[in-house]
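S.K.: Can you keep this structure in mind? I'll have questions shortly.
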Amino acid sequence: MAKPWEGRFSKKTDRMVELFTSSIDVDMRLYAYDIQGSLAHCMMLAKQSIISQDEADQIIQGLGEIKREIEHGDFVCDHALEDIHMHIENRLIQKIGKAAQKLHTARSRNDQVALDIRLYLRDETTNTINALMELMGVLVDLAEVNINVVLPGYTHLQRAQPVLFSHHMMAYYEMFKRDADRFADSFKRTNILPLGSAALAGTTFPIDRDFVAVELGFPAISENSMDAVSDRDFIIEFTAAASICMMHLSRFSEELITWSSSEFNFITLPDAFATGSSIMPQKKNPDVPELVRGKAGRVFGDLIALLTLMKSLPLAYNRDMQEDKPPLFDTVDTLRACIDIFTKMLPKLEINQEVMYNAASTGYLNATELADYLASNGVAFRKAHACAGKAVAYAIENNKELHELTLQELKLHSKIFKKEIFDFLTPEKMVERRESYGGTSVTNVELAIKAAKKALGKLSTPNESTAPASKNGKKTGKKT
Ligand code: ARG
């Protein structure tokens with residue numbers, strides 16, 4: 001197979017080097033975007049009379065056929081052709097000959113690969129946001145159906161105060177909402193056309209970058225050719241947002257794992273989402289959340305790999321950058337798999353409402369109520385806290401819960417206690433009274449659920465909100 005650069009070389013590339021430098025096994029995934037980019041480039045070349053319309057027609061037809069060949073599995077890969085760009089170009093030359101050799105005019109693989117990744121990541125960012133929104137929808141449903149379920153809220157993994165299970169679910173909703181925002185934000189910087197930067201310095205041909213931008217639905221074109229061919233920030237941003245999202249999923253996983261243990265028994269995982277042990281017949285293991293928790297580490301690794309890859313690289317393109325694809329693709333796939341499996345698993349969780357309630361009723365979670373009661377009756381909070389603390393110590397010593405103490409016993413610690421205090425000590429009451437904005441009261445959580453439902457129905461994906469300029473051949477106007 002002839003190399004495009006063979007004019008300059010007198011010796012054939014070593015086979016070992018061909019295998020070492022080849023990336024086709026990885027970047028084959030970009031074929032549709034590579035063809036999409038080439039089509040737009042070709043149309044622009046014809047429009048600018050850099051190639052003839054007849055040549056463009058041949059190229060367009062040929063690229064269409066190549067796409068079908070790849071989709072039907074009839075495409076032969078050869079490591080000697082390095083990457084997806086050269087594979088497609090080479091096949092086009094085989095098919096239509098001379099005209100194909102003009103396609104690469106005013107273009108370099110450096111701006112071509114930058115374009116392909118942006119086109120790919122634009123789609124995948126939208127897919128990720130959509131997947132996240134489905135997951136958020138599931139959380140909202142779960143919160144709505146279980147609105148009266150109370151469980152202990154924890155700090156330091158010690159029982160702290162009762163909260164609504166729905167409030168707990170909506171906490172994850174908030175995290176995923178921020179994740180979706182982060183993806184939508186990085187999308188803006190992905191959605192910029194690098195093509196037309198050529199190798200690094202731009203081109204001598206009278207190209208029309210705005211035309212290509214409109215064709216490919218980019219609202220902006222890159223400002224600096226050197227930056228455009230060597231910028232991988234948008235990949236790093238996606239992977240950083242993915243890492244944070246995986247961190248959230250790992251926290252959720254950890255809770256599901258803990259809650260499904262016999263020590264907690266707050267939830268029962270669906271059989272279809274757990275596995276048994278080959279030796280211990282009683283076991284039902286929470287493999288899905290465990291694997292999600294583990295996969296978070298992989299995605300963090302991808303982020304570090306990308307940062308390390310780009311660290312200290314001089315301008316402009318360096319071959320090192322070919323190594324950006326394995327971690328990016330791995331992150332896209334891993335995150336998506338984790339989001340999707342959570343979306344499927346969560347509605348099937350069995351919520352052991354009674355166990356949760358009992359856990360929220362024991363362990364002195366109502367101690368704060370004693371202190372709050374005294375404080376709202378004129379005792380300074382620090383003093384009130386000390387009195388409540390003494391009451392807790394007394395109760396522990398006497399092997400009782402706070403609500404099991406008599407009024408007389410409570411009065412040993414403060415004369416201010418009256419019989420009405422016992423109305424404040426149930427988990428429901430404690431939840432109900434936390435009406436401060438963002439607190440766990442049913443009223444608050446119902447409002448949060450309502451707002452979330454509204455937002456989910458209304459939220460638009462970045463593809464819609466940054467709708468590409470219409471295909472009317474007009475200038476995109478805005479540049480970044
Ligand atoms: N396969 C290469 C990559 O992914 C394409 C760009 C190659 N450019 C070059 N000058 N060798 O980065």
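Identifiers in this document derive from the order of the structure tokens: chains are assigned A, B, ..., residues are numbered from 1 separately in each chain, and ligands are numbered from 1 in order of occurrence.
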When the cut-off is 8 Å and you count only C-alpha atoms and all ligand atoms, which residues lie near ligand 1, shown as JSON, numbers by chain?
M.R.: {"A": [22, 23, 24, 27, 82, 83, 84, 85, 108, 109, 110, 111, 112, 113, 199, 317, 318, 319, 320, 321, 322, 323, 324, 325]}
S.K.: Give me, as JSON lines, each residue of region 361-478 of chain A that comes within 9 Å of region 136-146 of chain A, together with its shortest interatomic pair and the distance in Å at one decimal, counting only C-alpha atoms, with rows ordered by chain and rising residue number.
M.R.:
{"residue": "A:Val445", "atom": "CA", "partner": "A:Ala143", "partner_atom": "CA", "distance": 8.5}
{"residue": "A:Glu446", "atom": "CA", "partner": "A:Glu144", "partner_atom": "CA", "distance": 7.6}
{"residue": "A:Ile449", "atom": "CA", "partner": "A:Val140", "partner_atom": "CA", "distance": 6.1}
{"residue": "A:Lys450", "atom": "CA", "partner": "A:Val140", "partner_atom": "CA", "distance": 8.8}
{"residue": "A:Ala452", "atom": "CA", "partner": "A:Val140", "partner_atom": "CA", "distance": 7.1}
{"residue": "A:Lys453", "atom": "CA", "partner": "A:Val140", "partner_atom": "CA", "distance": 7.2}
{"residue": "A:Leu456", "atom": "CA", "partner": "A:Gly137", "partner_atom": "CA", "distance": 7.1}
S.K.: From a backbone DSSP assignment, name each residue in region 182-403 of chain A labelled alpha helix (DSSP H), as a VMD selection string.
M.R.: chain A and resid 182 to 190 209 to 216 225 to 230 233 to 259 287 to 310 325 to 345 353 to 361 367 to 376 381 to 397
S.K.: Under the rule of at most 9 Å, produce a per-residue listing of region 311-388 of chain A near region 412-426 of chain A: chain, number, name, the closest pair of atoms, and the distance in Å, as a tab-separated table, using only C-alpha atoms.
M.R.:
residue	atom	partner	partner_atom	distance
A:Ala360	CA	A:Thr426	CA	9.0
A:Ser361	CA	A:Thr426	CA	7.0
A:Leu365	CA	A:Leu425	CA	8.8
A:Asn366	CA	A:Leu425	CA	5.6
A:Ala367	CA	A:Leu425	CA	8.4
A:Glu369	CA	A:Leu425	CA	6.7
A:Leu370	CA	A:Ile421	CA	7.5
A:Tyr373	CA	A:Ile421	CA	7.3
A:Leu374	CA	A:Ile416	CA	6.8
A:Asn377	CA	A:Ile416	CA	7.6
A:Val379	CA	A:Ile416	CA	8.9
A:Ala384	CA	A:Ser414	CA	8.7
A:Cys387	CA	A:His413	CA	5.6
A:Ala388	CA	A:His413	CA	7.4
S.K.: So that I have them on file, write out the residues from the current selection with all heavy atoms, as a short mmCIF file (atom, residue, chain, number, x, y, z; two decimals), in the first residue's frame.
M.R.:
data_model
loop_
_atom_site.label_atom_id
_atom_site.label_comp_id
_atom_site.auth_asym_id
_atom_site.auth_seq_id
_atom_site.Cartn_x
_atom_site.Cartn_y
_atom_site.Cartn_z
N ALA A 360 -34.98 4.82 62.26
CA ALA A 360 -35.09 6.26 62.51
C ALA A 360 -35.69 6.55 63.88
O ALA A 360 -35.60 7.66 64.39
CB ALA A 360 -35.92 6.91 61.42
N SER A 361 -36.32 5.52 64.50
CA SER A 361 -36.99 5.73 65.79
C SER A 361 -36.09 5.40 66.97
O SER A 361 -36.44 5.70 68.11
CB SER A 361 -38.23 4.84 65.90
OG SER A 361 -38.98 4.88 64.74
N LEU A 365 -32.05 9.78 67.69
CA LEU A 365 -32.07 10.75 66.59
C LEU A 365 -32.89 11.98 66.95
O LEU A 365 -32.82 13.00 66.28
CB LEU A 365 -32.64 10.12 65.31
CG LEU A 365 -31.70 9.19 64.55
CD1 LEU A 365 -31.70 7.80 65.16
CD2 LEU A 365 -32.09 9.12 63.10
N ASN A 366 -33.69 11.83 68.04
CA ASN A 366 -34.54 12.96 68.42
C ASN A 366 -33.90 13.86 69.49
O ASN A 366 -34.56 14.72 70.04
CB ASN A 366 -35.92 12.46 68.86
CG ASN A 366 -35.83 11.24 69.77
OD1 ASN A 366 -34.73 10.89 70.21
ND2 ASN A 366 -36.97 10.61 70.07
N ALA A 367 -32.61 13.63 69.75
CA ALA A 367 -31.94 14.44 70.78
C ALA A 367 -31.95 15.93 70.41
O ALA A 367 -32.10 16.80 71.27
CB ALA A 367 -30.50 13.96 70.98
N GLU A 369 -34.22 17.49 69.02
CA GLU A 369 -35.53 18.06 69.32
C GLU A 369 -35.58 18.59 70.75
O GLU A 369 -36.18 19.63 71.02
CB GLU A 369 -36.66 17.04 69.14
CG GLU A 369 -36.71 16.41 67.77
CD GLU A 369 -36.62 17.41 66.65
OE1 GLU A 369 -37.58 18.18 66.43
OE2 GLU A 369 -35.56 17.44 66.02
N LEU A 370 -34.94 17.85 71.67
CA LEU A 370 -34.90 18.30 73.07
C LEU A 370 -34.21 19.66 73.14
O LEU A 370 -34.72 20.60 73.76
CB LEU A 370 -34.14 17.30 73.95
CG LEU A 370 -34.77 15.92 74.20
CD1 LEU A 370 -33.94 15.17 75.25
CD2 LEU A 370 -36.21 16.02 74.66
N TYR A 373 -36.26 22.35 71.53
CA TYR A 373 -37.42 22.68 72.37
C TYR A 373 -37.01 23.67 73.47
O TYR A 373 -37.65 24.71 73.67
CB TYR A 373 -37.99 21.40 73.00
CG TYR A 373 -39.15 21.64 73.93
CD1 TYR A 373 -40.45 21.76 73.43
CD2 TYR A 373 -38.96 21.77 75.32
CE1 TYR A 373 -41.52 21.99 74.28
CE2 TYR A 373 -40.01 22.00 76.18
CZ TYR A 373 -41.31 22.11 75.65
OH TYR A 373 -42.36 22.34 76.49
N LEU A 374 -35.91 23.36 74.13
CA LEU A 374 -35.44 24.24 75.20
C LEU A 374 -35.06 25.61 74.63
O LEU A 374 -35.43 26.66 75.17
CB LEU A 374 -34.24 23.62 75.92
CG LEU A 374 -34.53 22.32 76.69
CD1 LEU A 374 -33.25 21.76 77.31
CD2 LEU A 374 -35.59 22.54 77.78
N ASN A 377 -37.73 27.80 73.93
CA ASN A 377 -38.38 28.28 75.15
C ASN A 377 -37.44 29.15 75.99
O ASN A 377 -37.54 29.20 77.21
CB ASN A 377 -38.89 27.09 75.97
CG ASN A 377 -40.19 26.53 75.39
OD1 ASN A 377 -41.26 27.12 75.54
ND2 ASN A 377 -40.08 25.43 74.68
N VAL A 379 -34.01 29.10 76.40
CA VAL A 379 -32.67 28.67 76.87
C VAL A 379 -31.67 28.91 75.72
O VAL A 379 -31.99 28.63 74.58
CB VAL A 379 -32.69 27.16 77.24
CG1 VAL A 379 -31.33 26.71 77.76
CG2 VAL A 379 -33.80 26.86 78.25
N ALA A 384 -28.92 24.62 76.09
CA ALA A 384 -29.96 23.65 75.76
C ALA A 384 -29.32 22.35 75.28
O ALA A 384 -29.74 21.25 75.65
CB ALA A 384 -30.87 24.23 74.67
N CYS A 387 -28.03 20.35 78.21
CA CYS A 387 -29.12 19.69 78.95
C CYS A 387 -29.60 18.44 78.18
O CYS A 387 -29.78 17.37 78.78
CB CYS A 387 -30.33 20.63 79.12
SG CYS A 387 -29.96 22.03 80.16
N ALA A 388 -29.77 18.62 76.86
CA ALA A 388 -30.23 17.49 76.05
C ALA A 388 -29.20 16.37 76.11
O ALA A 388 -29.55 15.19 76.22
CB ALA A 388 -30.47 17.94 74.61
#
S.K.: Enter the distance from CA of Arg15 (chain A) to CA of Gln94 (chain A), in Å, rounded to one decimal.
M.R.: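 Calculated distance between CA of Arg15 (chain A) and CA of Gln94 (chain A) is 22.4 Å.
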S.K.: For CA of Cys42 (chain A) and CA of Phe329 (chain A), quote the distance in Å rounded to one decimal.
M.R.: 27.7 Å
